[in-house]
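Next up, data-v5.pdb (PDB, C-alpha atoms and all ligand atoms):
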ATOM      1  CA  MET A   1     -11.600  -6.193  11.421  1.00  0.00           C
ATOM      2  CA  ASP A   2     -14.768  -5.173   9.641  1.00  0.00           C
ATOM      3  CA  ASP A   3     -15.650  -2.278  11.885  1.00  0.00           C
ATOM      4  CA  VAL A   4     -12.222  -0.750  12.353  1.00  0.00           C
ATOM      5  CA  VAL A   5     -11.782   2.957  11.712  1.00  0.00           C
ATOM      6  CA  PHE A   6      -8.297   4.111  10.671  1.00  0.00           C
ATOM      7  CA  SER A   7      -6.950   7.535  11.423  1.00  0.00           C
ATOM      8  CA  CYS A   8      -3.553   9.237  11.261  1.00  0.00           C
ATOM      9  CA  VAL A   9      -1.589   8.509  14.430  1.00  0.00           C
ATOM     10  CA  CYS A  10       0.005  11.931  14.174  1.00  0.00           C
ATOM     11  CA  CYS A  11      -2.893  14.358  13.696  1.00  0.00           C
ATOM     12  CA  GLY A  12      -5.935  12.122  14.105  1.00  0.00           C
ATOM     13  CA  ALA A  13      -7.339  12.797  10.640  1.00  0.00           C
ATOM     14  CA  LEU A  14      -9.680  10.074   9.471  1.00  0.00           C
ATOM     15  CA  LEU A  15      -8.120   8.244   6.531  1.00  0.00           C
ATOM     16  CA  ASN A  16     -11.301   6.635   5.254  1.00  0.00           C
ATOM     17  CA  LEU A  17      -9.600   3.277   4.802  1.00  0.00           C
ATOM     18  CA  ASP A  18     -12.091   0.523   4.128  1.00  0.00           C
ATOM     19  CA  PRO A  19     -11.271  -2.722   5.987  1.00  0.00           C
ATOM     20  CA  SER A  20     -12.983  -4.636   3.181  1.00  0.00           C
ATOM     21  CA  ASN A  21     -10.211  -3.380   0.870  1.00  0.00           C
ATOM     22  CA  VAL A  22      -7.457  -5.128   2.819  1.00  0.00           C
ATOM     23  CA  TYR A  23      -5.577  -7.816   0.898  1.00  0.00           C
ATOM     24  CA  PRO A  24      -6.084 -11.305   2.364  1.00  0.00           C
ATOM     25  CA  ALA A  25      -3.520 -12.104   5.054  1.00  0.00           C
ATOM     26  CA  ASP A  26      -1.910 -14.845   2.962  1.00  0.00           C
ATOM     27  CA  THR A  27      -1.363 -12.685  -0.137  1.00  0.00           C
ATOM     28  CA  TYR A  28       2.252 -12.858  -1.236  1.00  0.00           C
ATOM     29  CA  PHE A  29       4.160  -9.643  -1.996  1.00  0.00           C
ATOM     30  CA  GLU A  30       7.757  -9.591  -3.188  1.00  0.00           C
ATOM     31  CA  ALA A  31       8.521  -6.461  -1.193  1.00  0.00           C
ATOM     32  CA  GLY A  32       7.115  -8.008   1.973  1.00  0.00           C
ATOM     33  CA  ASN A  33       4.342  -6.938   4.272  1.00  0.00           C
ATOM     34  CA  LYS A  34       5.963  -6.876   7.706  1.00  0.00           C
ATOM     35  CA  GLY A  35       4.600  -4.274  10.081  1.00  0.00           C
ATOM     36  CA  THR A  36       2.178  -3.032   7.488  1.00  0.00           C
ATOM     37  CA  ILE A  37      -1.346  -3.499   6.225  1.00  0.00           C
ATOM     38  CA  SER A  38      -1.878  -3.658   2.470  1.00  0.00           C
ATOM     39  CA  PHE A  39      -4.976  -2.263   0.840  1.00  0.00           C
ATOM     40  CA  THR A  40      -6.305  -2.818  -2.659  1.00  0.00           C
ATOM     41  CA  ALA A  41      -7.659   0.724  -2.780  1.00  0.00           C
ATOM     42  CA  ILE A  42      -7.543   3.948  -0.810  1.00  0.00           C
ATOM     43  CA  ASP A  43      -9.356   7.256  -0.752  1.00  0.00           C
ATOM     44  CA  ASP A  44      -7.181   9.571  -2.858  1.00  0.00           C
ATOM     45  CA  THR A  45      -8.556  12.643  -1.126  1.00  0.00           C
ATOM     46  CA  LYS A  46      -7.012  11.575   2.193  1.00  0.00           C
ATOM     47  CA  PHE A  47      -3.432  11.161   1.016  1.00  0.00           C
ATOM     48  CA  ARG A  48      -0.794  13.143  -0.781  1.00  0.00           C
ATOM     49  CA  GLN A  49       1.321  11.116  -3.183  1.00  0.00           C
ATOM     50  CA  GLU A  50       4.975  11.789  -3.716  1.00  0.00           C
ATOM     51  CA  ARG A  51       7.396  10.042  -6.016  1.00  0.00           C
ATOM     52  CA  ASP A  52      10.115   8.282  -4.065  1.00  0.00           C
ATOM     53  CA  LYS A  53      13.488   9.363  -5.369  1.00  0.00           C
ATOM     54  CA  ARG A  54      15.331   6.185  -4.532  1.00  0.00           C
ATOM     55  CA  ILE A  55      16.580   4.403  -7.620  1.00  0.00           C
ATOM     56  CA  PHE A  56      17.635   0.794  -7.558  1.00  0.00           C
ATOM     57  CA  PRO A  57      19.363  -0.961 -10.426  1.00  0.00           C
ATOM     58  CA  PHE A  58      17.050  -3.308 -12.214  1.00  0.00           C
ATOM     59  CA  PHE A  59      17.777  -5.579 -15.098  1.00  0.00           C
ATOM     60  CA  GLU A  60      14.531  -5.354 -16.986  1.00  0.00           C
ATOM     61  CA  THR A  61      13.100  -3.210 -19.710  1.00  0.00           C
ATOM     62  CA  ILE A  62      12.412   0.477 -19.426  1.00  0.00           C
ATOM     63  CA  ASP A  63       8.702  -0.274 -19.372  1.00  0.00           C
ATOM     64  CA  HIS A  64       8.878  -2.560 -16.382  1.00  0.00           C
ATOM     65  CA  TRP A  65       8.368  -0.549 -13.242  1.00  0.00           C
ATOM     66  CA  GLY A  66      10.186  -2.724 -10.777  1.00  0.00           C
ATOM     67  CA  ILE A  67       8.852  -2.700  -7.246  1.00  0.00           C
ATOM     68  CA  GLN A  68      12.122  -1.446  -5.825  1.00  0.00           C
ATOM     69  CA  ARG A  69      12.731   1.416  -8.186  1.00  0.00           C
ATOM     70  CA  ASP A  70       9.296   2.891  -8.397  1.00  0.00           C
ATOM     71  CA  ARG A  71       7.334   3.244  -5.247  1.00  0.00           C
ATOM     72  CA  ILE A  72       5.236   6.210  -4.343  1.00  0.00           C
ATOM     73  CA  LYS A  73       5.071   7.765  -0.912  1.00  0.00           C
ATOM     74  CA  LEU A  74       1.700   8.154   0.762  1.00  0.00           C
ATOM     75  CA  LEU A  75       1.550  11.129   3.096  1.00  0.00           C
ATOM     76  CA  CYS A  76      -1.278  12.147   5.393  1.00  0.00           C
ATOM     77  CA  ILE A  77      -2.924  15.037   3.599  1.00  0.00           C
ATOM     78  CA  SER A  78      -3.572  16.845   6.863  1.00  0.00           C
ATOM     79  CA  CYS A  79      -0.155  16.765   8.538  1.00  0.00           C
ATOM     80  CA  GLY A  80       2.206  15.348   5.926  1.00  0.00           C
ATOM     81  CA  LYS A  81       3.256  12.320   7.954  1.00  0.00           C
ATOM     82  CA  LEU A  82       4.574   9.434   5.882  1.00  0.00           C
ATOM     83  CA  VAL A  83       2.031   6.675   6.407  1.00  0.00           C
ATOM     84  CA  GLY A  84       2.954   4.228   3.682  1.00  0.00           C
ATOM     85  CA  TYR A  85       3.854   3.515   0.085  1.00  0.00           C
ATOM     86  CA  ILE A  86       2.263   2.397  -3.131  1.00  0.00           C
ATOM     87  CA  TYR A  87       3.981  -0.627  -4.598  1.00  0.00           C
ATOM     88  CA  LYS A  88       3.250  -2.253  -7.891  1.00  0.00           C
ATOM     89  CA  ASP A  89       3.584  -5.815  -6.691  1.00  0.00           C
ATOM     90  CA  GLY A  90      -0.059  -6.731  -6.262  1.00  0.00           C
ATOM     91  CA  PRO A  91      -1.736  -9.583  -8.109  1.00  0.00           C
ATOM     92  CA  ALA A  92      -0.995  -9.720 -11.825  1.00  0.00           C
ATOM     93  CA  ILE A  93      -3.611  -8.371 -14.187  1.00  0.00           C
ATOM     94  CA  THR A  94      -2.578 -10.548 -17.081  1.00  0.00           C
ATOM     95  CA  ASP A  95      -3.103 -14.212 -17.902  1.00  0.00           C
ATOM     96  CA  ASN A  96       0.559 -14.739 -18.755  1.00  0.00           C
ATOM     97  CA  PRO A  97       1.846 -16.579 -15.661  1.00  0.00           C
ATOM     98  CA  THR A  98       5.490 -16.735 -16.694  1.00  0.00           C
ATOM     99  CA  GLY A  99       5.884 -13.003 -16.960  1.00  0.00           C
ATOM    100  CA  GLN A 100       7.841 -10.793 -19.235  1.00  0.00           C
ATOM    101  CA  TYR A 101      10.383 -12.822 -21.252  1.00  0.00           C
ATOM    102  CA  GLY A 102       9.526 -15.853 -19.149  1.00  0.00           C
ATOM    103  CA  PHE A 103      11.369 -14.602 -16.080  1.00  0.00           C
ATOM    104  CA  GLY A 104       8.777 -16.148 -13.804  1.00  0.00           C
ATOM    105  CA  PRO A 105       5.661 -15.232 -11.860  1.00  0.00           C
ATOM    106  CA  SER A 106       7.370 -12.515  -9.836  1.00  0.00           C
ATOM    107  CA  GLN A 107       8.129 -10.634 -13.046  1.00  0.00           C
ATOM    108  CA  VAL A 108       4.587 -10.591 -14.400  1.00  0.00           C
ATOM    109  CA  VAL A 109       3.466  -7.118 -15.457  1.00  0.00           C
ATOM    110  CA  PRO A 110       1.216  -5.257 -15.205  1.00  0.00           C
ATOM    111  CA  ARG A 111       0.326  -5.698 -11.571  1.00  0.00           C
ATOM    112  CA  LEU A 112      -2.364  -4.255  -9.404  1.00  0.00           C
ATOM    113  CA  PRO A 113      -1.197  -1.490  -7.110  1.00  0.00           C
ATOM    114  CA  ARG A 114      -0.736  -2.244  -3.458  1.00  0.00           C
ATOM    115  CA  TYR A 115      -1.288   0.479  -0.900  1.00  0.00           C
ATOM    116  CA  ARG A 116       1.026  -0.537   1.892  1.00  0.00           C
ATOM    117  CA  LEU A 117       0.411   1.374   5.092  1.00  0.00           C
ATOM    118  CA  LYS A 118       2.506   1.211   8.249  1.00  0.00           C
ATOM    119  CA  ILE A 119       0.638  -0.169  11.222  1.00  0.00           C
ATOM    120  CA  LYS A 120       2.548   2.250  13.467  1.00  0.00           C
ATOM    121  CA  ALA A 121       1.308   5.207  11.408  1.00  0.00           C
ATOM    122  CA  LEU A 122      -2.314   4.222  11.828  1.00  0.00           C
ATOM    123  CA  HIS A 123      -4.539   4.671  14.792  1.00  0.00           C
ATOM    124  CA  GLN A 124      -7.153   1.951  14.832  1.00  0.00           C
ATOM    125  CA  SER A 125     -10.397   2.262  16.669  1.00  0.00           C
ATOM    126  CA  ARG A 126     -13.744   0.569  16.657  1.00  0.00           C
ATOM    127  CA  ALA A 127     -16.504   2.080  14.620  1.00  0.00           C
ATOM    128  CA  GLY A 128     -18.935   3.800  16.919  1.00  0.00           C
ATOM    129  CA  ALA A 129     -16.245   4.354  19.528  1.00  0.00           C
ATOM    130  CA  ALA A 130     -13.996   6.574  17.450  1.00  0.00           C
ATOM    131  CA  ALA A 131     -13.942   9.281  20.062  1.00  0.00           C
ATOM    132  CA  GLN A 132     -12.612   6.841  22.628  1.00  0.00           C
ATOM    133  CA  GLN A 133      -8.827   6.822  22.705  1.00  0.00           C
ATOM    134  CA  GLY A 134      -6.723   3.650  22.911  1.00  0.00           C
ATOM    135  CA  LYS A 135      -8.045   0.129  22.505  1.00  0.00           C
TER     136      LYS A 135
HETATM  137 ZN    ZN A 201      -1.899  13.274   9.879  1.00  0.00          ZN
END

Any chance you could put this one into structure tokens?
Ligand SMILES: [Zn+2]
Amino acid sequence: MDDVVFSCVCCGALLNLDPSNVYPADTYFEAGNKGTISFTAIDDTKFRQERDKRIFPFFETIDHWGIQRDRIKLLCISCGKLVGYIYKDGPAITDNPTGQYGFGPSQVVPRLPRYRLKIKALHQSRAGAAAQQGK
């Protein structure tokens, strides 16, 4: 999908998502990846970020931002449509494979951010044919 151009399905704004920033298809995420595409990076100028208010109980330390209790909403900056979330369950950026207090690999912190965008919220078109609607 090297030449795919992503835009907001709602207002058509180009989101400047780089297909080369997509996580490999076999990357494992605790929070799942169903119906979504996960990016390693996004263009901050194309999205508005909003703290998700949902709080889930979590048994770890105050410094551990669990994936369920701290996710950030990504809204289209043009129309405000919710297009995805930022999770902190990307690959670990530490060489301690057993994680905090030895709870296991899924508890390793810190982690790289994961920009998880809903496929349904994205309009995908071929580069060079962006004006052409549909597939
Ligand atoms: Zn939009």

Next item on the list: Excluding segment 122-126 of chain A and residues on its chain fewer than 3 positions from it, collect all residues at most 6 Å away from it, counting all atoms listed in the file, and give them as a list of chain:residue names.
Entry: A:Asp3, A:Val4, A:Val5, A:Phe6, A:Ser7, A:Cys8, A:Val9, A:Ile119, A:Ala129, A:Ala130

Contacts to ligand ZN 201 (chain A) at 6 Å cut-off (only C-alpha atoms and all ligand atoms) as an mmCIF file with C-alpha atoms, in the frame of the given file:
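Below is the file pocket_37.cif, written as the result:
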data_model
loop_
_atom_site.group_PDB
_atom_site.id
_atom_site.type_symbol
_atom_site.label_atom_id
_atom_site.label_comp_id
_atom_site.auth_asym_id
_atom_site.auth_seq_id
_atom_site.Cartn_x
_atom_site.Cartn_y
_atom_site.Cartn_z
ATOM 1 C CA CYS A 8 -3.553 9.237 11.261
ATOM 2 C CA CYS A 10 0.005 11.931 14.174
ATOM 3 C CA CYS A 11 -2.893 14.358 13.696
ATOM 4 C CA GLY A 12 -5.935 12.122 14.105
ATOM 5 C CA ALA A 13 -7.339 12.797 10.640
ATOM 6 C CA CYS A 76 -1.278 12.147 5.393
ATOM 7 C CA SER A 78 -3.572 16.845 6.863
ATOM 8 C CA CYS A 79 -0.155 16.765 8.538
ATOM 9 C CA LYS A 81 3.256 12.320 7.954
#

Hey, can I get the axis-aligned box for segment 2-12 of chain A? All listed atoms, 4 Å padding on each side, centre and edge lengths in Å to one decimal, as lines of an AutoDock Vina configuration file.
center_x = -7.8
center_y = 4.6
center_z = 12.0
size_x = 23.7
size_y = 27.5
size_z = 12.8

Check: In terms of the shortest atom-to-atom distance over only C-alpha atoms, which of A:Ala92, A:Ile37, A:Ala31, A:Ile72 is closest to Arg51 of chain A?
Finding: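 Closest candidate: A:Ile72.
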
Can you tell me, as a tab-separated table (two decimals) with C-alpha atoms, in the frame of the given file, what residues are no more than 8 Å from segment 38-43 of chain A when counting only C-alpha atoms, ignoring any on the same chain fewer than 4 positions away?
chain	number	residue	atom	x	y	z
A	15	LEU	CA	-8.12	8.24	6.53
A	16	ASN	CA	-11.30	6.64	5.25
A	17	LEU	CA	-9.60	3.28	4.80
A	18	ASP	CA	-12.09	0.52	4.13
A	21	ASN	CA	-10.21	-3.38	0.87
A	22	VAL	CA	-7.46	-5.13	2.82
A	23	TYR	CA	-5.58	-7.82	0.90
A	33	ASN	CA	4.34	-6.94	4.27
A	47	PHE	CA	-3.43	11.16	1.02
A	112	LEU	CA	-2.36	-4.26	-9.40
A	113	PRO	CA	-1.20	-1.49	-7.11
A	114	ARG	CA	-0.74	-2.24	-3.46
A	115	TYR	CA	-1.29	0.48	-0.90
A	116	ARG	CA	1.03	-0.54	1.89
A	117	LEU	CA	0.41	1.37	5.09

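When only C-alpha atoms are used to compute distances to Leu74 of chain A, the closest of the residues A:Gln49, A:Thr36, A:Thr94, A:Thr27 turns out to be A:Gln49.
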
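Computed from the coordinates, the atom CA of Leu82 of chain A to atom CA of Lys120 of chain A distance equals 10.6 Å.
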
Next item on the list: Extract, using only C-alpha atoms, all DNA, RNA and protein residues at most 8 Å from Arg48 of chain A, discarding same-chain residues fewer than 2 positions from it, and format them as a PyMOL selection string.
Entry: chain A and resi 44-46+50+73-77+80

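Using only C-alpha atoms, the shortest contact distance between Leu14 of chain A and any of A:Tyr28, A:Ala127, A:Ile86, A:Gly35 is found at A:Ala127.
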
Check: Hey, can you check how far atom CA of Asp89 of chain A sits from atom CA of Ser20 of chain A?
Finding: 19.3 Å

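Minimum distance to Lys88 of chain A across A:Lys34, A:Phe29, A:Asp52, A:Pro19 (counting only C-alpha atoms) occurs at A:Phe29.
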
Output as a CSV table (one decimal), keeping the file's coordinate frame: segment 31-47 of chain A, completed with N, CA and C atoms.
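File out.csv, as written:
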chain,number,residue,atom,x,y,z
A,31,ALA,N,7.9,-7.5,-2.0
A,31,ALA,CA,8.5,-6.5,-1.2
A,31,ALA,C,8.2,-6.7,0.3
A,32,GLY,N,7.4,-7.7,0.6
A,32,GLY,CA,7.1,-8.0,2.0
A,32,GLY,C,5.9,-7.2,2.5
A,33,ASN,N,5.5,-7.6,3.7
A,33,ASN,CA,4.3,-6.9,4.3
A,33,ASN,C,4.5,-6.8,5.8
A,34,LYS,N,5.7,-6.9,6.3
A,34,LYS,CA,6.0,-6.9,7.7
A,34,LYS,C,5.6,-5.5,8.3
A,35,GLY,N,4.9,-5.5,9.4
A,35,GLY,CA,4.6,-4.3,10.1
A,35,GLY,C,3.7,-3.3,9.3
A,36,THR,N,3.0,-3.9,8.3
A,36,THR,CA,2.2,-3.0,7.5
A,36,THR,C,0.9,-3.7,7.2
A,37,ILE,N,-0.1,-3.0,6.7
A,37,ILE,CA,-1.3,-3.5,6.2
A,37,ILE,C,-1.4,-3.1,4.8
A,38,SER,N,-1.8,-4.0,3.9
A,38,SER,CA,-1.9,-3.7,2.5
A,38,SER,C,-3.3,-3.6,2.0
A,39,PHE,N,-3.6,-2.5,1.3
A,39,PHE,CA,-5.0,-2.3,0.8
A,39,PHE,C,-5.0,-2.4,-0.7
A,40,THR,N,-6.1,-2.8,-1.2
A,40,THR,CA,-6.3,-2.8,-2.7
A,40,THR,C,-6.7,-1.5,-3.2
A,41,ALA,N,-7.2,-0.6,-2.3
A,41,ALA,CA,-7.7,0.7,-2.8
A,41,ALA,C,-7.7,1.7,-1.6
A,42,ILE,N,-7.5,2.9,-1.9
A,42,ILE,CA,-7.5,3.9,-0.8
A,42,ILE,C,-8.4,5.1,-1.3
A,43,ASP,N,-8.7,6.0,-0.4
A,43,ASP,CA,-9.4,7.3,-0.8
A,43,ASP,C,-8.3,8.3,-1.1
A,44,ASP,N,-8.2,8.6,-2.4
A,44,ASP,CA,-7.2,9.6,-2.9
A,44,ASP,C,-7.2,10.9,-2.2
A,45,THR,N,-8.4,11.3,-1.7
A,45,THR,CA,-8.6,12.6,-1.1
A,45,THR,C,-7.9,12.7,0.3
A,46,LYS,N,-7.5,11.6,0.8
A,46,LYS,CA,-7.0,11.6,2.2
A,46,LYS,C,-5.5,11.5,2.2
A,47,PHE,N,-4.9,11.3,1.1
A,47,PHE,CA,-3.4,11.2,1.0
A,47,PHE,C,-2.8,12.1,-0.1
